[in-house]
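For reference, the structure is listed below as structure tokens.
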Amino acid sequence: MTADSFPGSGAAPAGGVQAPAPPAPEPARTTPAGPVLGFRELSERVIASVAERCPWLHRVLMGMLAVFTGTCVVAVVSRLSPLPLIPVPLFVVAAYGLRQARGVTERRRLFNWVLLFALATIVGFWLIAVVGRWVE
């Protein structure tokens, strides 16, 4: 084997065949490949694909909301104060949004119901933190 026969050396091996030249690059397109998606459209696609791929996710999230609500009820008994019940209506609203999202096929409506679920759950957790500071 000679030094010329190594790949990438630029010279063809003695008696060998040279590889064909690489194809010429295509000219750049002036039109965009597709429409530019905004944050909402991207979120709709992600939520729709997750809902389609994970049909069990609905039950898991409902179970978690039940645990959160049960924790608030137990906190009422242990603290002897009704203040820990403040986030419960928000968890009920979140469960309603999740239940409505289960049967929706249109992406925009699915996004709206999931957004209601997420916001109600987040505000419920925030209220748990606020109530925890009040009760201390």
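Chain labels A, B, ... are given in the sequence in which chains occur in the structure tokens; within each chain residues are numbered consecutively from 1, and ligands are likewise numbered from 1 in the order shown.
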
Return as a tab-separated table the residues of segment 4-109 of chain A lying at most 8 Å from segment 128-133 of chain A, together with the closest atom-to-atom pair for each and the distance in Å to one decimal, counting only C-alpha atoms, with rows in chain order and ascending residue number.
residue	atom	partner	partner_atom	distance
A:Leu83	CA	A:Val131	CA	6.5
A:Pro84	CA	A:Val131	CA	6.5
A:Ile86	CA	A:Ile128	CA	7.9
A:Pro87	CA	A:Ile128	CA	6.4

For the selection just defined, write its residues with all heavy atoms to a file, as a compact mmCIF listing (two decimals), in the first residue's frame.
# COMPACT_ATOMS: atom_id res chain seq x y z
N LEU A 83 -58.78 27.09 56.78
CA LEU A 83 -57.95 27.77 55.77
C LEU A 83 -57.36 26.84 54.71
O LEU A 83 -57.26 27.23 53.54
CB LEU A 83 -56.83 28.56 56.45
CG LEU A 83 -57.27 29.84 57.15
CD1 LEU A 83 -56.08 30.50 57.83
CD2 LEU A 83 -57.92 30.79 56.18
N PRO A 84 -56.95 25.61 55.04
CA PRO A 84 -56.41 24.75 53.97
C PRO A 84 -57.42 24.35 52.91
O PRO A 84 -57.05 23.81 51.87
CB PRO A 84 -55.91 23.52 54.73
CG PRO A 84 -55.61 24.01 56.09
CD PRO A 84 -56.65 25.06 56.35
N ILE A 86 -59.07 26.46 51.14
CA ILE A 86 -59.13 27.54 50.14
C ILE A 86 -58.74 27.06 48.74
O ILE A 86 -59.42 27.41 47.77
CB ILE A 86 -58.27 28.74 50.61
CG1 ILE A 86 -58.93 29.38 51.82
CG2 ILE A 86 -58.10 29.75 49.49
CD1 ILE A 86 -58.11 30.50 52.45
N PRO A 87 -57.71 26.24 48.55
CA PRO A 87 -57.36 25.82 47.18
C PRO A 87 -58.26 24.75 46.59
O PRO A 87 -58.19 24.48 45.38
CB PRO A 87 -55.94 25.27 47.30
CG PRO A 87 -55.53 25.41 48.70
CD PRO A 87 -56.67 25.88 49.49

Residues of segment 14-134 of chain A in alpha helix (DSSP H) according to DSSP, as a ChimeraX atom specification? /A:39-53,57-79,88-102,107-134

Within 12 Å of segment 49-60 of chain A: each segment 64-109 of chain A residue with its shortest pair, only C-alpha atoms, as CSV:
residue,atom,partner,partner_atom,distance
A:Met64,CA,A:Val60,CA,6.2
A:Leu65,CA,A:Val60,CA,8.7
A:Ala66,CA,A:Val60,CA,9.9
A:Val67,CA,A:Val60,CA,10.6
A:Ala94,CA,A:His58,CA,11.9
A:Ala95,CA,A:His58,CA,9.9
A:Tyr96,CA,A:His58,CA,11.8
A:Gly97,CA,A:His58,CA,11.0
A:Leu98,CA,A:His58,CA,7.2
A:Arg99,CA,A:His58,CA,8.1
A:Gln100,CA,A:His58,CA,10.7
A:Ala101,CA,A:His58,CA,8.9
A:Arg102,CA,A:His58,CA,7.1
A:Gly103,CA,A:Ala51,CA,10.5
A:Val104,CA,A:Ala51,CA,10.2
A:Thr105,CA,A:Glu52,CA,9.8
A:Glu106,CA,A:Ala51,CA,11.7
A:Arg107,CA,A:Ser49,CA,9.7

Expected file contents, prior selection, N, CA, C and O atoms, as a PDB file, in the first residue's frame:
ATOM      1  N   MET A  64     -53.853  12.556  40.740  1.00  0.00           N
ATOM      2  CA  MET A  64     -53.017  13.537  41.446  1.00  0.00           C
ATOM      3  C   MET A  64     -53.870  14.669  42.011  1.00  0.00           C
ATOM      4  O   MET A  64     -53.650  15.111  43.147  1.00  0.00           O
ATOM      5  N   LEU A  65     -54.870  15.121  41.260  1.00  0.00           N
ATOM      6  CA  LEU A  65     -55.760  16.158  41.787  1.00  0.00           C
ATOM      7  C   LEU A  65     -56.533  15.653  42.999  1.00  0.00           C
ATOM      8  O   LEU A  65     -56.767  16.399  43.964  1.00  0.00           O
ATOM      9  N   ALA A  66     -56.925  14.380  42.975  1.00  0.00           N
ATOM     10  CA  ALA A  66     -57.615  13.798  44.126  1.00  0.00           C
ATOM     11  C   ALA A  66     -56.690  13.762  45.343  1.00  0.00           C
ATOM     12  O   ALA A  66     -57.117  14.050  46.472  1.00  0.00           O
ATOM     13  N   VAL A  67     -55.425  13.430  45.138  1.00  0.00           N
ATOM     14  CA  VAL A  67     -54.459  13.421  46.247  1.00  0.00           C
ATOM     15  C   VAL A  67     -54.263  14.837  46.790  1.00  0.00           C
ATOM     16  O   VAL A  67     -54.207  15.039  48.018  1.00  0.00           O
ATOM     17  N   ALA A  94     -59.772  22.671  38.056  1.00  0.00           N
ATOM     18  CA  ALA A  94     -58.750  21.969  37.281  1.00  0.00           C
ATOM     19  C   ALA A  94     -59.262  20.600  36.843  1.00  0.00           C
ATOM     20  O   ALA A  94     -59.031  20.175  35.702  1.00  0.00           O
ATOM     21  N   ALA A  95     -59.952  19.894  37.728  1.00  0.00           N
ATOM     22  CA  ALA A  95     -60.513  18.589  37.370  1.00  0.00           C
ATOM     23  C   ALA A  95     -61.579  18.732  36.290  1.00  0.00           C
ATOM     24  O   ALA A  95     -61.663  17.899  35.376  1.00  0.00           O
ATOM     25  N   TYR A  96     -62.379  19.802  36.360  1.00  0.00           N
ATOM     26  CA  TYR A  96     -63.380  20.051  35.325  1.00  0.00           C
ATOM     27  C   TYR A  96     -62.705  20.292  33.972  1.00  0.00           C
ATOM     28  O   TYR A  96     -63.121  19.743  32.949  1.00  0.00           O
ATOM     29  N   GLY A  97     -61.656  21.106  33.959  1.00  0.00           N
ATOM     30  CA  GLY A  97     -60.933  21.361  32.712  1.00  0.00           C
ATOM     31  C   GLY A  97     -60.309  20.098  32.146  1.00  0.00           C
ATOM     32  O   GLY A  97     -60.338  19.861  30.936  1.00  0.00           O
ATOM     33  N   LEU A  98     -59.786  19.265  33.016  1.00  0.00           N
ATOM     34  CA  LEU A  98     -59.178  18.013  32.564  1.00  0.00           C
ATOM     35  C   LEU A  98     -60.237  17.054  32.020  1.00  0.00           C
ATOM     36  O   LEU A  98     -60.025  16.377  31.024  1.00  0.00           O
ATOM     37  N   ARG A  99     -61.397  17.033  32.671  1.00  0.00           N
ATOM     38  CA  ARG A  99     -62.484  16.164  32.203  1.00  0.00           C
ATOM     39  C   ARG A  99     -63.007  16.626  30.839  1.00  0.00           C
ATOM     40  O   ARG A  99     -63.314  15.815  29.974  1.00  0.00           O
ATOM     41  N   GLN A 100     -63.119  17.932  30.659  1.00  0.00           N
ATOM     42  CA  GLN A 100     -63.573  18.456  29.372  1.00  0.00           C
ATOM     43  C   GLN A 100     -62.546  18.204  28.270  1.00  0.00           C
ATOM     44  O   GLN A 100     -62.902  17.982  27.119  1.00  0.00           O
ATOM     45  N   ALA A 101     -61.273  18.230  28.623  1.00  0.00           N
ATOM     46  CA  ALA A 101     -60.214  18.023  27.629  1.00  0.00           C
ATOM     47  C   ALA A 101     -60.180  16.584  27.142  1.00  0.00           C
ATOM     48  O   ALA A 101     -59.659  16.318  26.062  1.00  0.00           O
ATOM     49  N   ARG A 102     -60.722  15.671  27.917  1.00  0.00           N
ATOM     50  CA  ARG A 102     -60.634  14.256  27.558  1.00  0.00           C
ATOM     51  C   ARG A 102     -61.350  13.932  26.246  1.00  0.00           C
ATOM     52  O   ARG A 102     -60.846  13.171  25.440  1.00  0.00           O
ATOM     53  N   GLY A 103     -62.510  14.513  26.016  1.00  0.00           N
ATOM     54  CA  GLY A 103     -63.284  14.162  24.834  1.00  0.00           C
ATOM     55  C   GLY A 103     -63.122  15.088  23.645  1.00  0.00           C
ATOM     56  O   GLY A 103     -63.761  14.907  22.621  1.00  0.00           O
ATOM     57  N   VAL A 104     -62.256  16.076  23.738  1.00  0.00           N
ATOM     58  CA  VAL A 104     -62.101  17.070  22.674  1.00  0.00           C
ATOM     59  C   VAL A 104     -61.158  16.533  21.597  1.00  0.00           C
ATOM     60  O   VAL A 104     -60.132  15.930  21.896  1.00  0.00           O
ATOM     61  N   THR A 105     -61.527  16.734  20.332  1.00  0.00           N
ATOM     62  CA  THR A 105     -60.673  16.316  19.226  1.00  0.00           C
ATOM     63  C   THR A 105     -59.999  17.503  18.543  1.00  0.00           C
ATOM     64  O   THR A 105     -58.962  17.338  17.911  1.00  0.00           O
ATOM     65  N   GLU A 106     -60.572  18.682  18.654  1.00  0.00           N
ATOM     66  CA  GLU A 106     -59.998  19.862  18.016  1.00  0.00           C
ATOM     67  C   GLU A 106     -58.826  20.384  18.862  1.00  0.00           C
ATOM     68  O   GLU A 106     -58.938  20.510  20.078  1.00  0.00           O
ATOM     69  N   ARG A 107     -57.719  20.671  18.198  1.00  0.00           N
ATOM     70  CA  ARG A 107     -56.508  21.061  18.920  1.00  0.00           C
ATOM     71  C   ARG A 107     -56.655  22.349  19.706  1.00  0.00           C
ATOM     72  O   ARG A 107     -56.180  22.460  20.837  1.00  0.00           O
TER      73      ARG A 107
END

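You can rank A:Leu90, A:Val76, A:Pro27, A:Ser81 by their closest distance to Trp126 of chain A using only C-alpha atoms, and at the top of that list sits A:Leu90.
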
How far is it from atom CA of Gly70 of chain A to atom CA of Phe117 of chain A, in Å with one decimal?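 Atom CA of Gly70 of chain A sits 17.8 Å away from atom CA of Phe117 of chain A.
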
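Using only C-alpha atoms, the shortest contact distance between Phe68 of chain A and any of A:Pro22, A:Ile47, A:Ile122, A:Leu116 is found at A:Ile122.
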